[in-house]
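To start, the structure itself, in structure tokens.
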Amino acid sequence: MSRKIAVSLIMLLCLQFSSGQTAQTEISDNLANTWQNQVNETRMLQIVKFMSSDEFGGRRTGTDGDRLSQSLLDTALDNFGLKKLTNRTDYRQIVPSFADGESANILGSLRSSNLYDSINETIILSANADHIGMISPTQIYNGANDNASGVSVTLEVAMILSEVSKIYPFKKNIIFAFWAAEERGRLGSQHFLKTGLLSEQNLSLELVINLDQVGYDRGDGILKVSGGLDVPELYASGLTAAANEIGISRPNLYSTGRNSDHQTFLDNNTPAYTLIWESNGPNYHTVNDTWEKIDPNLLGITAELILELLINQYDLVDTTIFLSAAIETSNSSSSSAGRIVSRLGVTITLSLMVYRMFFLRHRREQ
Ligand SMILES: [Zn+2]
């Protein structure tokens with residue numbers, strides 16, 4: 001990462017010293033660097049720590065902990081100003097009753113501009129928010145790596161892209177999805193497909209990028225891509241290029257087991273893969289999967305990889321055109337990048353305040 005930032009800074013300096021520098025070029029350079037510089041490891045670790053605290057009781061489907069997690073995610077997406085996908089007043093898509101009771105997928109989106117032919121094309125970035133609960137009041141499966149880690153990275157990317165969307169037009173739609181009941185047999189993602197929500201809104205699903213257990217690795221520094229051999233070459237080579245760009249080892253693409261929500265989409269002939277740093281390690285589905293073991297650096301690398309993938313490899317954002325509002329406000333500011341940094345700071349502070357509010361109210365209701 002530092003190498004890339006250094007190269008960008010040098011390029012920026014060269015541009016400033018060359019003749020014919022326009023205000024717009026300067027804005028362009030500031031903003032082009034902005035998204036990479038926004039990834040905040042501490043913020044993601046805070047989310048993991050919070051969601052894997054005992055108050056969430058291991059987030060088993062249909063429990064209070066599951067509902068608390070839904071409230072947290074619903075509030076976060078509202079804070080980021082994402083568009084709702086159902087006609088409800090919140091971001092929930094109810095997953096109806098089954099053995100464990102009702103649950104909900106949490107869904108929000110950023111929409112494409114009508115400037116482009118690809119207006120209906122849609123990418124999903126997702127993570128399952130549930131875990132397996134507790135075996136006794138004192139023995140809680142906190143599920144930090146599985147899968148508060150995936151949730152934290154998805155939230156981080158959603159927040160940063162919501163800021164990017166105020167500056168650049170989107171060529172495609174992106175949906176951020178937090179699946180319910182993955183641990184009960186991928187019931188949330190299956191329900192999502194069954195409802196036909198996408199075709200109702202004339203959205204055509206191009207690719208699903210799912211995150212599961214991205215908080216620590218086996219010490220090998222190799223990202224595993226479940227379903228990676230089953231996706232078209234375009235997406236696989238994009239992954240390799242993105243990894244190369246941010247300076248990590250070539251990802252290990254392997255064929256899928258039915259080990260996460262990407263499988264739901266592969267079964268429906270939609271390209272999908274799950275990124276995993278460590279699956280089924282010694283802490284997997286044990287009381288030892290706790291936040292202290294999470295490597296924030298790995299959360300940061302994962303978020304950067306996804307931003308690189310979406311923005312530069314999978315053609316989500318058009319970085320050659322500015323939205324006029326952004327140009328106007330940028331012109332009145334000495335540092336557009338600085339301004340966005342402070343706006344992000346405010347957003348996350350607000351989010352954490354609201355999370356705490358829910359957390360305290362939940363405690364009082366006990
Ligand atoms: Zn699991």
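Chain labels A, B, ... are given in the sequence in which chains occur in the structure tokens; within each chain residues are numbered consecutively from 1, and ligands are likewise numbered from 1 in the order shown.
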Expected answer as a PyMOL selection string: residues within 8 Å of ligand 1, only C-alpha atoms and all ligand atoms: chain A and resi 131-132+143+146-147+182-183+284-285
Only N, CA and C atoms, please: the residues just picked out, written as an mmCIF file, in the first residue's frame.
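What landed in result_10.cif:
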data_model
loop_
_atom_site.group_PDB
_atom_site.id
_atom_site.type_symbol
_atom_site.label_atom_id
_atom_site.label_comp_id
_atom_site.auth_asym_id
_atom_site.auth_seq_id
_atom_site.Cartn_x
_atom_site.Cartn_y
_atom_site.Cartn_z
ATOM 1 N N HIS A 131 -24.181 -16.008 13.185
ATOM 2 C CA HIS A 131 -23.197 -17.012 13.615
ATOM 3 C C HIS A 131 -23.965 -18.131 14.329
ATOM 4 N N ILE A 132 -23.314 -18.887 15.186
ATOM 5 C CA ILE A 132 -23.983 -20.101 15.679
ATOM 6 C C ILE A 132 -24.459 -20.040 17.133
ATOM 7 N N GLY A 143 -17.893 -15.600 17.143
ATOM 8 C CA GLY A 143 -17.839 -15.449 15.677
ATOM 9 C C GLY A 143 -17.193 -14.158 15.211
ATOM 10 N N ASP A 146 -15.538 -15.391 11.888
ATOM 11 C CA ASP A 146 -16.702 -15.979 11.193
ATOM 12 C C ASP A 146 -17.984 -15.377 11.763
ATOM 13 N N ASN A 147 -18.540 -14.281 11.288
ATOM 14 C CA ASN A 147 -18.052 -13.568 10.134
ATOM 15 C C ASN A 147 -18.202 -12.061 10.384
ATOM 16 N N GLU A 182 -26.888 -17.894 7.223
ATOM 17 C CA GLU A 182 -25.933 -18.690 6.426
ATOM 18 C C GLU A 182 -25.608 -19.983 7.158
ATOM 19 N N GLU A 183 -25.427 -19.845 8.477
ATOM 20 C CA GLU A 183 -25.037 -21.016 9.274
ATOM 21 C C GLU A 183 -26.157 -22.060 9.355
ATOM 22 N N TYR A 284 -12.144 -22.185 14.272
ATOM 23 C CA TYR A 284 -13.392 -22.219 13.505
ATOM 24 C C TYR A 284 -14.514 -22.891 14.292
ATOM 25 N N HIS A 285 -15.635 -22.184 14.421
ATOM 26 C CA HIS A 285 -16.802 -22.704 15.150
ATOM 27 C C HIS A 285 -16.428 -23.214 16.547
#
Considering only C-alpha atoms, return as a PyMOL selection string whatever protein or nucleic-acid residues lie within 9 Å of Asp230 in chain A, sequence-local ones (same chain, fewer than 3 positions apart) excluded. chain A and resi 226-227+233+253-256+266+271-273
Print the selection's residues with C-alpha atoms to a file, as an mmCIF file, in the first residue's frame.
data_model
loop_
_atom_site.group_PDB
_atom_site.id
_atom_site.type_symbol
_atom_site.label_atom_id
_atom_site.label_comp_id
_atom_site.auth_asym_id
_atom_site.auth_seq_id
_atom_site.Cartn_x
_atom_site.Cartn_y
_atom_site.Cartn_z
ATOM 1 C CA SER A 226 -13.671 -20.267 -3.010
ATOM 2 C CA GLY A 227 -15.526 -20.634 -6.291
ATOM 3 C CA GLU A 233 -11.741 -15.627 -16.694
ATOM 4 C CA LEU A 253 -8.388 -19.713 -6.827
ATOM 5 C CA TYR A 254 -9.984 -23.024 -6.008
ATOM 6 C CA SER A 255 -13.178 -24.859 -6.772
ATOM 7 C CA THR A 256 -15.926 -24.449 -4.323
ATOM 8 C CA LEU A 266 -23.317 -20.434 -8.475
ATOM 9 C CA PRO A 271 -20.720 -15.837 -11.283
ATOM 10 C CA ALA A 272 -19.875 -15.694 -7.567
ATOM 11 C CA TYR A 273 -16.929 -16.284 -5.295
#
How far is it from CA of Arg92 in chain A to CA of Thr63 in chain A, in Å with one decimal? 15.8 Å
With distances taken over only C-alpha atoms, which residue among A:Thr264, A:Ser149, A:Thr302, A:Gln201 lies nearest Leu223 in chain A? A:Thr302
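Distances here use only C-alpha atoms; by that measure, the residue among A:Asn40, A:Thr86, A:Ser112, A:Ser97 closest to Asp315 in chain A is A:Ser112.
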Residues near Glu102 in chain A, cut-off 10 Å, only C-alpha atoms, skip fewer than 3 positions along chain, as a PyMOL selection string: chain A and resi 61-63+66-67+94-99+180-181
Just-selected residues, C-alpha atoms written as a compact mmCIF listing (two decimals), in the first residue's frame:
# COMPACT_ATOMS: atom_id res chain seq x y z
CA THR A 61 -30.55 -16.77 13.74
CA GLY A 62 -33.83 -15.69 15.34
CA THR A 63 -32.29 -14.58 18.65
CA ASP A 66 -29.42 -11.60 15.59
CA ARG A 67 -31.94 -8.75 15.86
CA ILE A 94 -37.59 -10.40 6.05
CA VAL A 95 -36.55 -14.02 5.78
CA PRO A 96 -39.72 -15.80 6.92
CA SER A 97 -40.13 -18.24 9.77
CA PHE A 98 -38.39 -21.55 9.82
CA ALA A 99 -37.18 -23.72 12.68
CA ALA A 180 -29.22 -13.96 7.34
CA ALA A 181 -28.99 -17.60 8.40
